[in-house]
Structures are given as C-alpha cells and as structure tokens.
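A short worksheet on the structure shown next.
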Amino acid sequence: MMWKCSPWALLPPAYSICTAAGLWLVYFVAVYSETVLPLSSQSRMTNESKYPAFISVAGNFPPASCIFSGVMNMAAFVGLIIVVLRYLQLKKTLDNSWLNFGSLLSFSVGCFGMTLIGNFQLFNQMMIHNSGTLMTFGLGCLFCWVQSYLTLRANLRNEGRRTAIARFLLSAVITLCIVIKYSFAAASCLLDAARCQWALVMFFLMFIGTFGIEFRHSSFEIVCTNTPRHPVRQSEMSEESRQQLEQLSEL
C-alpha cells in the first residue's frame, strides 16, 4: 500500500532547516569578518575588538547584518503562515478553545518581534531590539508549552500522546536554555551564554519542525468566490436570458 502524505508536511521542517542554515551563515560570515569570537573559542575575551558570538551580535555588523535581516524577516513571515495553519487545523478539533487562539496570538506577536530583531541592530537601537528579543523568546516559550498541551488534548489520529511527550521535553529544554543563558550572562560568562542561546534557537526551530507530523494528515486550500451584491433568482435569470434570445432572433 502506497504511503500517502500531504505536501504541507514539508513546510515546518523546511522552515526549520532553512532558518537554521541562514542563521549559521550569519555566524560564519561574522566569524570570517573577525567581528565575533567562534563558539569553540577558549579565549577569555582579552581581545576587545571581538565580541561573543550571540546571534544578535553576529548579525549586527555588515555584511552579516544584511543576511541576518533577510533571514529574520523571512522566518517571521513563514512562521506566521505555519502558526495560522496550525490554528485552523486545531480549530475543527478543539471547539471554542481560547488556548488555541491565544497560542496563535502569542506566536504572531513573537513573529513581529523577529522583524524587530532583524531590522533594528542591537548596538544601534538596543531598546527596540531587546523588546523584539523578549517577544520572540518569551512568547515563543509560552507558545511551545501551550502547543504541547493542545497536542495532547487534540490527539489527532491517536498520535497526540507520543508527539506531546516529545514537545513537552523540547519545551522543558527550551525553558532550561533560557534560564541558563541569562544565568551565564549575569555571571559574565558571555561565551557560555552565547552557546546556550544558539542551542535555545536550534531547539525552538526543532519544535516548529515537529508540526510536520500533524500536517501530513491535513490539506489546506484557499477558495475565492465572487458573490453578486443582489443575487438574482433562477426564474428571473431564465426570463432575462429568454428575452435576450428573442431580441437576437429579431435582428
């Protein structure tokens, strides 16, 4: 029996892979430009001309900043599409679920935060950039926990329990990375904090990629119909058509 899978299943993992590849490209360009220290560096930051390889710092200086802006804008746009599709998928299963709508709203604001991160460099507009970071990481973490619960509650195709366990574990790891990252930053262990931030983002992208599990059972279509302002009854349409035919026959 041939295994059938909706092509929409490819969207979440493709999003995760392409976004991760774009961010690592930003990192390697920044390292090549000698603006940030490599994540594998054992330096104690004695060279003040180089910064710890936080994602925002790597994307702060050109030419890496140009790539970073494009990656974050595209990630925000496609991420919004994915979360809308996820909302529509669960809407039929979870009737009148405020959690489903709240999840959509939180990630939508998080996507807006991604655009702030990408378009307002850290060293130029620190307040706006940090606001975007708070939206993305804070609401993104909340989104992960809520979606894990909704996965268990919806239990689509009886796969919800196993998928929910994986998502709960990823949500816990993401939350732990956030706590450890800020703990390292408070202790001035900036390189360790940068490594933790990269791990956090990769785990978050991995979480988004898991939506392909449910998307493989769903199909999404956009339907456009033109509705007349004043609908005409079938009898009136037939009478009008007959009169037009009579006029043509007299010519």
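Each chain in the structure tokens gets a letter, A, B and so on, in the order shown; residues start at 1 in every chain, and ligands are counted from 1 in the order they appear.
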
### Query
Which residues come within 10 Å of Phe28 of chain A, counting only C-alpha atoms, excluding same-chain residues fewer than 5 positions away, as a PyMOL selection string?
chain A and resi 23+33-34+36+38+58+64

Please produce, as JSON lines, a per-residue contact table for segment 1-109 of chain A versus segment 127-135 of chain A (criterion: any atom at most 12 Å away, only C-alpha atoms considered), showing the nearest atom pair and its distance in Å to one decimal, sorted by chain then residue number.
{"residue": "A:Ile55", "atom": "CA", "partner": "A:Thr133", "partner_atom": "CA", "distance": 10.7}
{"residue": "A:Ser56", "atom": "CA", "partner": "A:His129", "partner_atom": "CA", "distance": 8.7}
{"residue": "A:Val57", "atom": "CA", "partner": "A:His129", "partner_atom": "CA", "distance": 11.1}
{"residue": "A:Gly59", "atom": "CA", "partner": "A:His129", "partner_atom": "CA", "distance": 11.7}
{"residue": "A:Asn60", "atom": "CA", "partner": "A:His129", "partner_atom": "CA", "distance": 10.7}
{"residue": "A:Met72", "atom": "CA", "partner": "A:Gly132", "partner_atom": "CA", "distance": 11.3}
{"residue": "A:Ala76", "atom": "CA", "partner": "A:Gly132", "partner_atom": "CA", "distance": 11.6}
{"residue": "A:Leu105", "atom": "CA", "partner": "A:Met135", "partner_atom": "CA", "distance": 11.6}
{"residue": "A:Ser106", "atom": "CA", "partner": "A:Met135", "partner_atom": "CA", "distance": 8.6}
{"residue": "A:Phe107", "atom": "CA", "partner": "A:Met135", "partner_atom": "CA", "distance": 8.8}
{"residue": "A:Ser108", "atom": "CA", "partner": "A:Met135", "partner_atom": "CA", "distance": 9.7}
{"residue": "A:Val109", "atom": "CA", "partner": "A:Met135", "partner_atom": "CA", "distance": 6.7}

### Query
Pick the closest to Thr115 of chain A from A:Ile213, A:Cys5, A:Leu80, A:Ala166: which is it, counting only C-alpha atoms?
A:Leu80

### Message
Please return, as JSON, numbers by chain, all residues of segment 21-242 of chain A that DSSP assigns to helix (DSSP H, G or I) on the basis of the backbone.
### Response
{"A": [21, 22, 23, 24, 25, 26, 27, 28, 29, 30, 31, 32, 55, 56, 57, 58, 64, 65, 66, 67, 68, 69, 70, 71, 72, 73, 74, 75, 76, 77, 78, 79, 80, 81, 82, 83, 84, 85, 86, 87, 88, 89, 90, 91, 98, 99, 100, 101, 102, 103, 104, 105, 106, 107, 108, 109, 110, 111, 112, 113, 114, 115, 116, 117, 118, 119, 126, 127, 128, 129, 130, 131, 132, 133, 134, 135, 136, 137, 138, 139, 140, 141, 142, 143, 144, 145, 146, 147, 148, 149, 150, 151, 152, 153, 154, 156, 157, 158, 160, 161, 162, 163, 164, 165, 166, 167, 168, 169, 170, 171, 172, 173, 174, 175, 176, 177, 178, 179, 180, 181, 182, 183, 184, 185, 186, 190, 191, 192, 193, 194, 195, 196, 197, 198, 199, 200, 201, 202, 203, 204, 205, 206, 207, 208, 209, 212, 213, 214, 215, 234, 235, 236, 237, 238, 239, 240, 241, 242]}

### Task
Quick one: everything within 10 Å of Leu10 of chain A, counting only C-alpha atoms, minus sequence neighbours fewer than 2 positions away in the same chain. Send it as a PyMOL selection string.
chain A and resi 5-8+12-15+209+211-213+215-216

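Distance check against Gly113 of chain A using only C-alpha atoms: of A:Gln197, A:Thr35, A:Asn73, A:Ser41, the minimum falls on A:Asn73.
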
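From atom CA of Met126 of chain A back to atom CA of Pro63 of chain A, the distance works out to 19.4 Å.
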
### Message
If we count only C-alpha atoms and set the cut-off at 12 Å, which residues sit around Thr210 of chain A, ignoring sequence neighbours fewer than 6 positions away in its own chain? Please answer as a ChimeraX atom specification.
### Response
/A:9-17,82,86,144,147-148,151,160,162-168,170,203-204,216

Go ahead and write the residues just picked, N, CA, C and O atoms, as an mmCIF file, in the first residue's frame.
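Generated output (out_34.cif):
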data_model
loop_
_atom_site.group_PDB
_atom_site.id
_atom_site.type_symbol
_atom_site.label_atom_id
_atom_site.label_comp_id
_atom_site.auth_asym_id
_atom_site.auth_seq_id
_atom_site.Cartn_x
_atom_site.Cartn_y
_atom_site.Cartn_z
ATOM 1 N N ALA A 9 3.220 18.757 4.857
ATOM 2 C CA ALA A 9 4.094 18.225 5.901
ATOM 3 C C ALA A 9 5.531 18.692 5.730
ATOM 4 O O ALA A 9 6.307 18.685 6.691
ATOM 5 N N LEU A 10 5.900 19.090 4.526
ATOM 6 C CA LEU A 10 7.275 19.525 4.267
ATOM 7 C C LEU A 10 7.531 20.958 4.728
ATOM 8 O O LEU A 10 8.689 21.347 4.893
ATOM 9 N N LEU A 11 6.456 21.728 4.916
ATOM 10 C CA LEU A 11 6.640 23.147 5.247
ATOM 11 C C LEU A 11 7.337 23.370 6.591
ATOM 12 O O LEU A 11 8.334 24.103 6.646
ATOM 13 N N PRO A 12 6.879 22.785 7.721
ATOM 14 C CA PRO A 12 7.562 23.045 9.001
ATOM 15 C C PRO A 12 9.023 22.607 9.034
ATOM 16 O O PRO A 12 9.889 23.396 9.456
ATOM 17 N N PRO A 13 9.368 21.364 8.608
ATOM 18 C CA PRO A 13 10.797 21.011 8.635
ATOM 19 C C PRO A 13 11.636 21.832 7.680
ATOM 20 O O PRO A 13 12.790 22.161 7.984
ATOM 21 N N ALA A 14 11.074 22.193 6.514
ATOM 22 C CA ALA A 14 11.815 23.041 5.578
ATOM 23 C C ALA A 14 12.064 24.417 6.197
ATOM 24 O O ALA A 14 13.152 25.005 6.032
ATOM 25 N N TYR A 15 11.071 24.925 6.907
ATOM 26 C CA TYR A 15 11.225 26.209 7.601
ATOM 27 C C TYR A 15 12.349 26.135 8.629
ATOM 28 O O TYR A 15 13.206 27.029 8.706
ATOM 29 N N SER A 16 12.351 25.078 9.419
ATOM 30 C CA SER A 16 13.367 24.932 10.464
ATOM 31 C C SER A 16 14.761 24.810 9.868
ATOM 32 O O SER A 16 15.712 25.455 10.332
ATOM 33 N N ILE A 17 14.893 23.982 8.827
ATOM 34 C CA ILE A 17 16.212 23.762 8.225
ATOM 35 C C ILE A 17 16.733 25.031 7.561
ATOM 36 O O ILE A 17 17.900 25.412 7.743
ATOM 37 N N ILE A 82 2.752 29.221 9.211
ATOM 38 C CA ILE A 82 2.676 27.918 9.876
ATOM 39 C C ILE A 82 1.738 27.963 11.074
ATOM 40 O O ILE A 82 0.921 27.059 11.280
ATOM 41 N N ARG A 86 -1.696 25.911 11.696
ATOM 42 C CA ARG A 86 -1.850 25.103 12.902
ATOM 43 C C ARG A 86 -3.129 25.477 13.645
ATOM 44 O O ARG A 86 -3.856 24.602 14.139
ATOM 45 N N CYS A 144 5.305 27.203 22.935
ATOM 46 C CA CYS A 144 5.718 25.797 22.966
ATOM 47 C C CYS A 144 4.955 25.007 24.025
ATOM 48 O O CYS A 144 4.474 23.890 23.766
ATOM 49 N N GLN A 147 1.207 24.694 22.945
ATOM 50 C CA GLN A 147 1.040 23.752 21.846
ATOM 51 C C GLN A 147 1.266 22.310 22.294
ATOM 52 O O GLN A 147 0.634 21.390 21.776
ATOM 53 N N SER A 148 2.154 22.114 23.230
ATOM 54 C CA SER A 148 2.357 20.762 23.758
ATOM 55 C C SER A 148 1.096 20.252 24.437
ATOM 56 O O SER A 148 0.699 19.086 24.248
ATOM 57 N N THR A 151 -1.572 19.591 21.785
ATOM 58 C CA THR A 151 -1.283 18.344 21.073
ATOM 59 C C THR A 151 -1.835 17.155 21.832
ATOM 60 O O THR A 151 -2.429 16.240 21.258
ATOM 61 N N GLY A 160 -1.334 11.946 19.228
ATOM 62 C CA GLY A 160 -1.096 13.110 20.063
ATOM 63 C C GLY A 160 -0.256 12.841 21.289
ATOM 64 O O GLY A 160 0.564 13.675 21.682
ATOM 65 N N ARG A 162 2.182 10.546 21.927
ATOM 66 C CA ARG A 162 3.621 10.406 21.665
ATOM 67 C C ARG A 162 4.234 11.728 21.210
ATOM 68 O O ARG A 162 5.335 12.094 21.632
ATOM 69 N N THR A 163 3.505 12.445 20.350
ATOM 70 C CA THR A 163 4.010 13.736 19.882
ATOM 71 C C THR A 163 4.076 14.741 21.017
ATOM 72 O O THR A 163 5.014 15.537 21.109
ATOM 73 N N ALA A 164 3.076 14.703 21.897
ATOM 74 C CA ALA A 164 3.044 15.644 23.019
ATOM 75 C C ALA A 164 4.214 15.412 23.964
ATOM 76 O O ALA A 164 4.794 16.376 24.499
ATOM 77 N N ILE A 165 4.578 14.163 24.178
ATOM 78 C CA ILE A 165 5.725 13.871 25.061
ATOM 79 C C ILE A 165 6.993 14.507 24.507
ATOM 80 O O ILE A 165 7.764 15.156 25.242
ATOM 81 N N ALA A 166 7.213 14.350 23.191
ATOM 82 C CA ALA A 166 8.392 14.951 22.574
ATOM 83 C C ALA A 166 8.358 16.466 22.682
ATOM 84 O O ALA A 166 9.384 17.110 22.952
ATOM 85 N N ARG A 167 7.185 17.058 22.510
ATOM 86 C CA ARG A 167 7.079 18.522 22.567
ATOM 87 C C ARG A 167 7.208 19.044 23.985
ATOM 88 O O ARG A 167 7.768 20.126 24.208
ATOM 89 N N PHE A 168 6.702 18.308 24.958
ATOM 90 C CA PHE A 168 6.896 18.717 26.352
ATOM 91 C C PHE A 168 8.387 18.687 26.714
ATOM 92 O O PHE A 168 8.885 19.578 27.417
ATOM 93 N N LEU A 170 10.909 19.065 24.592
ATOM 94 C CA LEU A 170 11.540 20.192 23.912
ATOM 95 C C LEU A 170 11.212 21.505 24.618
ATOM 96 O O LEU A 170 12.077 22.385 24.749
ATOM 97 N N PHE A 203 16.788 24.355 19.295
ATOM 98 C CA PHE A 203 15.714 23.536 19.870
ATOM 99 C C PHE A 203 14.345 24.111 19.524
ATOM 100 O O PHE A 203 13.393 23.358 19.270
ATOM 101 N N PHE A 204 14.240 25.428 19.492
ATOM 102 C CA PHE A 204 12.962 26.058 19.146
ATOM 103 C C PHE A 204 12.595 25.761 17.689
ATOM 104 O O PHE A 204 11.444 25.454 17.375
ATOM 105 N N ARG A 216 0.973 16.300 7.867
ATOM 106 C CA ARG A 216 0.963 15.282 6.827
ATOM 107 C C ARG A 216 -0.424 14.662 6.651
ATOM 108 O O ARG A 216 -0.694 13.992 5.659
#

### Task
Skip segment 180-189 of chain A itself and residues of its chain fewer than 5 positions away, then list as a ChimeraX atom specification all residues within 10 Å of it, counting only C-alpha atoms.
/A:44-45,52,174-175,194-200

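Proximity of A:Leu169, A:Ala75, A:Leu190, A:Cys177 to Ile117 of chain A, computed with only C-alpha atoms, is greatest for A:Ala75.
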
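Residues in contact range of segment 100-103 of chain A, defined as at most 10 Å between only C-alpha atoms, with sequence neighbours fewer than 6 positions away removed, read Val83, Val84, Arg86, Tyr87, Leu88, Leu90, Lys91, Leu94, Leu139, Gly140, Leu142, Phe143, Cys144, Trp145, Val146, Gln147 and Leu150 of chain A.
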
Expected file contents, prior selection, N, CA, C and O atoms, as a short mmCIF file (atom, residue, chain, number, x, y, z; two decimals), in the first residue's frame:
data_model
loop_
_atom_site.label_atom_id
_atom_site.label_comp_id
_atom_site.auth_asym_id
_atom_site.auth_seq_id
_atom_site.Cartn_x
_atom_site.Cartn_y
_atom_site.Cartn_z
N VAL A 83 1.83 29.02 11.87
CA VAL A 83 1.00 29.07 13.08
C VAL A 83 -0.47 29.29 12.72
O VAL A 83 -1.37 28.81 13.42
N VAL A 84 -0.75 30.00 11.63
CA VAL A 84 -2.13 30.15 11.19
C VAL A 84 -2.70 28.81 10.72
O VAL A 84 -3.84 28.44 11.04
N ARG A 86 -1.70 25.91 11.70
CA ARG A 86 -1.85 25.10 12.90
C ARG A 86 -3.13 25.48 13.64
O ARG A 86 -3.86 24.60 14.14
N TYR A 87 -3.43 26.77 13.71
CA TYR A 87 -4.67 27.22 14.35
C TYR A 87 -5.89 26.65 13.63
O TYR A 87 -6.83 26.16 14.26
N LEU A 88 -5.88 26.71 12.30
CA LEU A 88 -7.01 26.19 11.52
C LEU A 88 -7.13 24.68 11.68
O LEU A 88 -8.25 24.14 11.69
N LEU A 90 -6.36 22.86 14.34
CA LEU A 90 -6.91 22.53 15.65
C LEU A 90 -8.30 23.10 15.88
O LEU A 90 -9.01 22.65 16.79
N LYS A 91 -8.68 24.08 15.07
CA LYS A 91 -9.97 24.75 15.28
C LYS A 91 -11.12 23.77 15.13
O LYS A 91 -12.12 23.85 15.86
N LEU A 94 -10.77 21.34 18.41
CA LEU A 94 -10.98 21.98 19.71
C LEU A 94 -11.97 23.12 19.53
O LEU A 94 -11.61 24.24 19.18
N LEU A 139 7.37 34.91 24.42
CA LEU A 139 6.12 34.39 23.87
C LEU A 139 6.35 33.08 23.11
O LEU A 139 5.46 32.24 23.04
N GLY A 140 7.55 32.92 22.53
CA GLY A 140 7.86 31.67 21.86
C GLY A 140 7.89 30.50 22.82
O GLY A 140 7.40 29.41 22.51
N LEU A 142 6.24 30.37 25.70
CA LEU A 142 4.85 30.15 26.09
C LEU A 142 4.10 29.38 25.01
O LEU A 142 3.32 28.47 25.29
N PHE A 143 4.37 29.72 23.76
CA PHE A 143 3.74 29.03 22.62
C PHE A 143 4.07 27.54 22.64
O PHE A 143 3.20 26.70 22.39
N CYS A 144 5.31 27.20 22.93
CA CYS A 144 5.72 25.80 22.97
C CYS A 144 4.96 25.01 24.03
O CYS A 144 4.47 23.89 23.77
N TRP A 145 4.82 25.57 25.21
CA TRP A 145 4.11 24.86 26.28
C TRP A 145 2.63 24.70 25.95
O TRP A 145 2.04 23.63 26.16
N VAL A 146 2.02 25.76 25.42
CA VAL A 146 0.59 25.67 25.09
C VAL A 146 0.35 24.67 23.97
O VAL A 146 -0.59 23.87 24.02
N GLN A 147 1.21 24.69 22.95
CA GLN A 147 1.04 23.75 21.85
C GLN A 147 1.27 22.31 22.29
O GLN A 147 0.63 21.39 21.78
N LEU A 150 -2.01 21.39 23.84
CA LEU A 150 -3.04 21.23 22.82
C LEU A 150 -2.83 19.96 22.00
O LEU A 150 -3.79 19.33 21.56
#
